[in-house]
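What's in data17.pdb: PDB, C-alpha atoms and all ligand atoms
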ATOM      1  CA  MET A   7     235.247 129.435  44.364
ATOM      2  CA  ARG A   8     231.478 129.463  44.869
ATOM      3  CA  LEU A   9     230.264 126.603  47.056
ATOM      4  CA  ALA A  10     226.676 125.477  47.616
ATOM      5  CA  VAL A  11     225.223 122.890  49.940
ATOM      6  CA  CYS A  12     222.128 120.944  48.875
ATOM      7  CA  PRO A  13     220.528 119.674  52.098
ATOM      8  CA  GLY A  14     217.768 117.147  52.589
ATOM      9  CA  SER A  15     216.748 113.956  54.299
ATOM     10  CA  PHE A  16     216.899 112.046  50.964
ATOM     11  CA  ASP A  17     215.046 108.977  52.270
ATOM     12  CA  PRO A  18     215.505 108.069  49.416
ATOM     13  CA  ILE A  19     216.802 110.546  46.808
ATOM     14  CA  THR A  20     214.256 111.113  43.983
ATOM     15  CA  ASN A  21     214.543 112.407  40.422
ATOM     16  CA  GLY A  22     213.297 115.750  41.778
ATOM     17  CA  HIS A  23     216.246 115.984  44.181
ATOM     18  CA  LEU A  24     218.639 114.919  41.441
ATOM     19  CA  SER A  25     217.368 117.635  39.113
ATOM     20  CA  VAL A  26     217.978 120.287  41.809
ATOM     21  CA  ILE A  27     221.493 118.937  42.459
ATOM     22  CA  GLU A  28     222.265 118.865  38.742
ATOM     23  CA  ARG A  29     221.171 122.476  38.258
ATOM     24  CA  ALA A  30     223.078 123.608  41.370
ATOM     25  CA  SER A  31     226.199 121.906  39.989
ATOM     26  CA  LYS A  32     225.952 124.160  36.913
ATOM     27  CA  LEU A  33     225.452 127.351  38.936
ATOM     28  CA  PHE A  34     228.196 126.743  41.521
ATOM     29  CA  ASP A  35     231.828 125.618  41.288
ATOM     30  CA  LYS A  36     231.285 122.943  43.896
ATOM     31  CA  VAL A  37     228.189 121.390  45.488
ATOM     32  CA  ILE A  38     228.032 119.328  48.660
ATOM     33  CA  VAL A  39     224.871 117.256  48.978
ATOM     34  CA  VAL A  40     224.395 116.831  52.718
ATOM     35  CA  VAL A  41     222.119 114.294  54.353
ATOM     36  CA  LEU A  42     220.633 115.779  57.532
ATOM     37  CA  ILE A  43     218.080 114.626  60.042
ATOM     38  CA  ASN A  44     214.602 116.105  59.634
ATOM     39  CA  TYR A  45     213.284 116.073  63.178
ATOM     40  CA  LYS A  46     209.705 115.891  61.873
ATOM     41  CA  LYS A  47     210.524 112.447  60.437
ATOM     42  CA  PRO A  48     213.364 111.019  62.521
ATOM     43  CA  ASN A  49     212.832 107.303  61.807
ATOM     44  CA  GLY A  50     214.043 106.751  58.299
ATOM     45  CA  THR A  51     213.651 103.827  55.910
ATOM     46  CA  PHE A  52     217.360 104.026  55.050
ATOM     47  CA  THR A  53     220.192 104.805  57.479
ATOM     48  CA  PRO A  54     222.137 108.032  56.888
ATOM     49  CA  ASP A  55     225.119 105.983  55.621
ATOM     50  CA  GLU A  56     222.900 104.122  53.174
ATOM     51  CA  ARG A  57     221.416 107.394  51.903
ATOM     52  CA  VAL A  58     224.899 108.849  51.375
ATOM     53  CA  GLU A  59     226.024 105.751  49.479
ATOM     54  CA  MET A  60     222.898 105.754  47.291
ATOM     55  CA  ILE A  61     223.289 109.472  46.472
ATOM     56  CA  LYS A  62     226.971 108.913  45.609
ATOM     57  CA  ARG A  63     225.929 106.363  42.988
ATOM     58  CA  CYS A  64     223.415 108.837  41.508
ATOM     59  CA  VAL A  65     225.870 111.748  41.234
ATOM     60  CA  ALA A  66     228.846 109.687  40.048
ATOM     61  CA  ASP A  67     228.811 111.550  36.707
ATOM     62  CA  MET A  68     228.887 115.018  38.322
ATOM     63  CA  PRO A  69     232.558 115.755  39.044
ATOM     64  CA  ASN A  70     231.964 118.864  41.172
ATOM     65  CA  VAL A  71     229.450 117.187  43.527
ATOM     66  CA  GLU A  72     230.366 115.605  46.869
ATOM     67  CA  VAL A  73     228.091 113.831  49.349
ATOM     68  CA  ASP A  74     228.244 114.057  53.137
ATOM     69  CA  TYR A  75     226.220 113.417  56.303
ATOM     70  CA  TYR A  76     225.927 115.795  59.260
ATOM     71  CA  ASP A  77     224.202 115.162  62.558
ATOM     72  CA  GLY A  78     223.460 118.771  63.508
ATOM     73  CA  LEU A  79     222.210 122.114  62.262
ATOM     74  CA  LEU A  80     222.268 122.919  58.557
ATOM     75  CA  ALA A  81     223.330 126.515  59.275
ATOM     76  CA  GLU A  82     226.266 125.211  61.332
ATOM     77  CA  TYR A  83     227.291 122.787  58.579
ATOM     78  CA  ALA A  84     227.145 125.558  55.956
ATOM     79  CA  GLY A  85     229.392 127.657  58.229
ATOM     80  CA  LEU A  86     231.884 124.818  58.753
ATOM     81  CA  LYS A  87     232.191 124.396  54.989
ATOM     82  CA  ASN A  88     232.266 128.159  54.274
ATOM     83  CA  ALA A  89     229.359 127.704  51.870
ATOM     84  CA  ASP A  90     228.043 130.678  49.907
ATOM     85  CA  ALA A  91     224.550 129.264  49.537
ATOM     86  CA  ILE A  92     222.059 126.635  50.587
ATOM     87  CA  VAL A  93     220.235 125.419  47.466
ATOM     88  CA  LYS A  94     216.799 123.869  47.828
ATOM     89  CA  GLY A  95     214.098 122.791  45.423
ATOM     90  CA  LEU A  96     210.653 124.350  45.642
ATOM     91  CA  ARG A  97     207.804 122.239  44.339
ATOM     92  CA  ALA A  98     204.356 123.742  44.791
ATOM     93  CA  MET A  99     202.973 126.528  46.964
ATOM     94  CA  SER A 100     202.465 123.933  49.710
ATOM     95  CA  ASP A 101     206.269 123.805  50.157
ATOM     96  CA  PHE A 102     206.603 127.540  50.414
ATOM     97  CA  GLU A 103     205.616 128.272  54.017
ATOM     98  CA  ASP A 104     207.807 125.603  55.553
ATOM     99  CA  GLU A 105     210.750 126.391  53.280
ATOM    100  CA  PHE A 106     210.415 130.112  53.951
ATOM    101  CA  GLN A 107     210.450 129.454  57.707
ATOM    102  CA  GLN A 108     213.546 127.245  57.431
ATOM    103  CA  ALA A 109     215.334 129.835  55.271
ATOM    104  CA  MET A 110     214.610 132.555  57.860
ATOM    105  CA  ILE A 111     215.854 130.430  60.757
ATOM    106  CA  ASN A 112     218.972 129.419  58.874
ATOM    107  CA  LYS A 113     219.677 133.094  58.075
ATOM    108  CA  LYS A 114     219.336 133.977  61.773
ATOM    109  CA  LEU A 115     221.655 131.143  62.778
ATOM    110  CA  ASN A 116     224.194 131.912  60.055
ATOM    111  CA  PRO A 117     223.844 135.377  58.432
ATOM    112  CA  ASN A 118     226.683 134.573  56.004
ATOM    113  CA  VAL A 119     224.772 132.033  54.007
ATOM    114  CA  GLU A 120     221.958 132.701  51.536
ATOM    115  CA  THR A 121     219.178 130.251  50.745
ATOM    116  CA  VAL A 122     218.565 129.961  47.008
ATOM    117  CA  PHE A 123     215.474 128.209  45.667
ATOM    118  CA  VAL A 124     215.247 126.495  42.325
ATOM    119  CA  THR A 125     211.852 125.412  41.090
ATOM    120  CA  ALA A 126     211.271 121.743  40.518
ATOM    121  CA  GLY A 127     210.829 120.815  36.862
ATOM    122  CA  GLU A 128     207.191 120.133  35.934
ATOM    123  CA  ASP A 129     207.941 116.396  35.657
ATOM    124  CA  ASN A 130     208.953 116.376  39.315
ATOM    125  CA  MET A 131     206.443 118.829  40.797
ATOM    126  CA  TYR A 132     204.486 116.087  42.522
ATOM    127  CA  LEU A 133     207.409 113.893  43.665
ATOM    128  CA  SER A 134     208.433 113.243  47.246
ATOM    129  CA  SER A 135     210.381 110.509  49.020
ATOM    130  CA  SER A 136     207.341 109.568  51.107
ATOM    131  CA  LEU A 137     205.178 109.092  47.988
ATOM    132  CA  VAL A 138     207.885 106.937  46.426
ATOM    133  CA  ARG A 139     207.989 104.765  49.571
ATOM    134  CA  GLN A 140     204.212 104.477  49.590
ATOM    135  CA  VAL A 141     203.908 103.574  45.881
ATOM    136  CA  CYS A 142     206.658 100.965  46.278
ATOM    137  CA  ALA A 143     205.091  99.452  49.414
ATOM    138  CA  LEU A 144     201.794  99.028  47.561
ATOM    139  CA  GLY A 145     203.437  97.283  44.606
ATOM    140  CA  GLY A 146     203.662 100.227  42.178
ATOM    141  CA  ASP A 147     206.503 100.893  39.755
ATOM    142  CA  VAL A 148     208.847 103.589  41.078
ATOM    143  CA  SER A 149     211.391 103.457  38.255
ATOM    144  CA  GLU A 150     210.085 106.714  36.766
ATOM    145  CA  PHE A 151     210.437 108.562  40.051
ATOM    146  CA  VAL A 152     213.936 107.705  41.268
ATOM    147  CA  PRO A 153     217.330 107.300  39.578
ATOM    148  CA  LYS A 154     217.777 103.853  37.958
ATOM    149  CA  ALA A 155     220.844 103.203  40.136
ATOM    150  CA  ILE A 156     218.758 102.907  43.315
ATOM    151  CA  VAL A 157     215.474 101.317  42.173
ATOM    152  CA  GLU A 158     216.500  97.846  43.381
ATOM    153  CA  ASP A 159     217.666  99.155  46.783
ATOM    154  CA  ILE A 160     214.233 100.688  47.356
ATOM    155  CA  ILE A 161     212.301  97.603  46.277
ATOM    156  CA  LYS A 162     214.447  95.323  48.460
ATOM    157  CA  ARG A 163     214.215  97.523  51.524
ATOM    158  CA  ILE A 164     210.505  98.275  51.299
ATOM    159  CA  ARG A 165     209.120  94.978  49.977
ATOM    160  CA  GLY A 166     211.643  92.635  51.566
ATOM    161  CA  LYS A 167     214.458  90.448  50.291
ATOM    162  CA  ASP A 168     212.864  88.953  47.140
ATOM    163  CA  GLY A 169     211.363  92.268  46.074
ATOM    164  CA  HIS A 170     207.798  90.903  45.792
ATOM    165  CA  LYS A 171     204.876  92.767  47.276
TER     166      LYS A 171
HETATM  167  O1  LIG A 201     214.290 116.706  52.613
HETATM  168  P1  LIG A 201     213.709 117.407  53.811
HETATM  169  O2  LIG A 201     213.240 116.399  54.846
HETATM  170  O3  LIG A 201     212.627 118.390  53.457
HETATM  171  O4  LIG A 201     214.918 118.260  54.426
HETATM  172  C1  LIG A 201     214.748 119.004  55.607
HETATM  173  C2  LIG A 201     216.128 119.243  56.272
HETATM  174  C3  LIG A 201     216.798 117.900  56.570
HETATM  175  C4  LIG A 201     217.006 120.050  55.320
HETATM  176  C5  LIG A 201     215.870 120.057  57.588
HETATM  177  O5  LIG A 201     215.023 119.316  58.409
HETATM  178  C6  LIG A 201     217.169 120.408  58.294
HETATM  179  O6  LIG A 201     217.806 121.369  57.951
HETATM  180  N1  LIG A 201     217.564 119.577  59.301
HETATM  181  C7  LIG A 201     218.788 119.779  60.064
HETATM  182  C8  LIG A 201     218.496 120.400  61.424
HETATM  183  C9  LIG A 201     218.318 121.902  61.322
HETATM  184  O7  LIG A 201     219.179 122.632  60.870
HETATM  185  N2  LIG A 201     217.139 122.406  61.768
HETATM  186  C10 LIG A 201     216.846 123.827  61.791
HETATM  187  C11 LIG A 201     216.384 124.392  60.470
HETATM  188  S1  LIG A 201     214.814 123.736  60.008
END

Represent the structure from my file as structure tokens, please.
Amino acid sequence: MRLAVCPGSFDPITNGHLSVIERASKLFDKVIVVVLINYKKPNGTFTPDERVEMIKRCVADMPNVEVDYYDGLLAEYAGLKNADAIVKGLRAMSDFEDEFQQAMINKKLNPNVETVFVTAGEDNMYLSSSLVRQVCALGGDVSEFVPKAIVEDIIKRIRGKDGHK
């Protein structure tokens, strides 16, 4: 059985993330989406448990996808799960350097796991969780950028209880 992990901070999950997860679920027998801490952005808008719960709602129709949280190294998690690959989405060239560096470090830490990149679809090339948060905070419509199942969660958290700007 071929197993992939799809790691990320998912604060919150976007349509770009979901497209990567969906494609990974077709390439591998099983996919574990794992919420990890990105130490460059430690203070999240959503707690790790909230992120896991939101992702679970978005992947409910993908039977071979599980969702988990791990407070540690991605390479270690991949080893614990005996994963064959780490699958990540690559948006534009600006992602490349950082992603390349992470892939090299993860390979050093765990030589048994390969990093596989899938390109983001052109609809999602520009998407990121931080842009979604910013657009929402300034009153913009984020329903095109994130799965329908979590739009209300984002509005409530970022704009407050009544959802108004
Ligand atoms: O969605 P992101 O924020 O680009 O994901 C980055 C993430 C969370 C995958 C990365 O920061 C990570 O792997 N964090 C876990 C800690 C770790 O393994 N660090 C060493 C490799 S960078």

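Relative to CA of Asp17 in chain A, CA of Gln140 in chain A is found at 12.0 Å.
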
Please evaluate the PyMOL selection byres (((not hetatm)) within 7 of (chain A and resi 201)) against the structure above and give the resulting residues as a ChimeraX atom specification. /A:13-16,41-45,78-81,108,111-112

Any idea what's packed within 12 Å of Phe102 in chain A, counting only C-alpha atoms, ignoring anything in its chain fewer than 6 positions away? Could you give it as a PyMOL selection string? chain A and resi 94-96+108-109+123-125

Save the residues we just selected, C-alpha atoms, as a compact mmCIF listing (two decimals), in the frame of the given file?
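Result file is part_32.txt:
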# COMPACT_ATOMS: atom_id res chain seq x y z
CA LYS A 94 216.80 123.87 47.83
CA GLY A 95 214.10 122.79 45.42
CA LEU A 96 210.65 124.35 45.64
CA GLN A 108 213.55 127.24 57.43
CA ALA A 109 215.33 129.84 55.27
CA PHE A 123 215.47 128.21 45.67
CA VAL A 124 215.25 126.50 42.32
CA THR A 125 211.85 125.41 41.09

Of A:Asp35, A:Glu59, A:Glu150, A:Glu82, the one sitting nearest Lys113 in chain A when using only C-alpha atoms is A:Glu82

My list of candidates is A:Ile61, A:Ala98, A:Val73, A:Met7. Which is closest to Thr20 in chain A when distances are computed with only C-alpha atoms? A:Ile61

Residues around (217.5, 104.0, 40.5), cut-off 12 Å, counting only C-alpha atoms - what are they as a PDB file with C-alpha atoms, in the coordinates of the input?
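Result written to selection.pdb:
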ATOM      1  CA  PRO A  18     215.505 108.069  49.416  1.00  0.00           C
ATOM      2  CA  ILE A  19     216.802 110.546  46.808  1.00  0.00           C
ATOM      3  CA  THR A  20     214.256 111.113  43.983  1.00  0.00           C
ATOM      4  CA  ASN A  21     214.543 112.407  40.422  1.00  0.00           C
ATOM      5  CA  LEU A  24     218.639 114.919  41.441  1.00  0.00           C
ATOM      6  CA  MET A  60     222.898 105.754  47.291  1.00  0.00           C
ATOM      7  CA  ILE A  61     223.289 109.472  46.472  1.00  0.00           C
ATOM      8  CA  LYS A  62     226.971 108.913  45.609  1.00  0.00           C
ATOM      9  CA  ARG A  63     225.929 106.363  42.988  1.00  0.00           C
ATOM     10  CA  CYS A  64     223.415 108.837  41.508  1.00  0.00           C
ATOM     11  CA  VAL A  65     225.870 111.748  41.234  1.00  0.00           C
ATOM     12  CA  VAL A 138     207.885 106.937  46.426  1.00  0.00           C
ATOM     13  CA  ASP A 147     206.503 100.893  39.755  1.00  0.00           C
ATOM     14  CA  VAL A 148     208.847 103.589  41.078  1.00  0.00           C
ATOM     15  CA  SER A 149     211.391 103.457  38.255  1.00  0.00           C
ATOM     16  CA  GLU A 150     210.085 106.714  36.766  1.00  0.00           C
ATOM     17  CA  PHE A 151     210.437 108.562  40.051  1.00  0.00           C
ATOM     18  CA  VAL A 152     213.936 107.705  41.268  1.00  0.00           C
ATOM     19  CA  PRO A 153     217.330 107.300  39.578  1.00  0.00           C
ATOM     20  CA  LYS A 154     217.777 103.853  37.958  1.00  0.00           C
ATOM     21  CA  ALA A 155     220.844 103.203  40.136  1.00  0.00           C
ATOM     22  CA  ILE A 156     218.758 102.907  43.315  1.00  0.00           C
ATOM     23  CA  VAL A 157     215.474 101.317  42.173  1.00  0.00           C
ATOM     24  CA  GLU A 158     216.500  97.846  43.381  1.00  0.00           C
ATOM     25  CA  ASP A 159     217.666  99.155  46.783  1.00  0.00           C
ATOM     26  CA  ILE A 160     214.233 100.688  47.356  1.00  0.00           C
ATOM     27  CA  ILE A 161     212.301  97.603  46.277  1.00  0.00           C
TER      28      ILE A 161
END

Measuring between all atoms listed in the file, which one of A:Asn116, A:Asn70, A:Ser136, A:Gln107 shows the shortest distance to Ser31 in chain A?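 Comparing A:Asn116, A:Asn70, A:Ser136, A:Gln107 against Ser31 in chain A, the winner is A:Asn70.
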
Adding 4 Å on each side of the box along x, y and z that holds all listed atoms of range 79-98 of chain A, could you give its centre and edge lengths in Å to one decimal, as AutoDock Vina command-line options?
--center_x 218.3 --center_y 126.4 --center_z 53.3 --size_x 35.9 --size_y 16.6 --size_z 25.9

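CA of Glu72 in chain A is found 15.1 Å from CA of Glu56 in chain A.
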
Between A:Ala30, A:Ile38, A:Ile164, A:Met110, which has the minimum distance to Arg139 in chain A (counting all atoms listed in the file)?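 When distances to Arg139 in chain A are compared using all atoms listed in the file, the smallest one comes from A:Ile164.
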
Please evaluate the PyMOL selection byres (((chain A and resi 131) around 10) and not hetatm) against the displayed coordinates and give the resulting residues as number ranges by chain. A: 22, 95-98, 125-130, 132-134

For Ala91 in chain A: contacts at 10 Å, only C-alpha atoms, fewer than 4 positions along chain excluded, given as an MDAnalysis selection string: chainID A and resid 8:12 34 37 84 118:123

Provide the CA of Leu115 in chain A to CA of Arg57 in chain A distance in Å, to one decimal place. 26.1 Å

When you count only C-alpha atoms, which of these residues is closest to Arg165 in chain A: A:Lys36, A:Glu28, A:Asp104, A:Leu144? A:Leu144

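Proximity ranking of A:Tyr76, A:Leu33, A:Arg163, A:Gly85 relative to Val58 in chain A places A:Tyr76 first, based on only C-alpha atoms.
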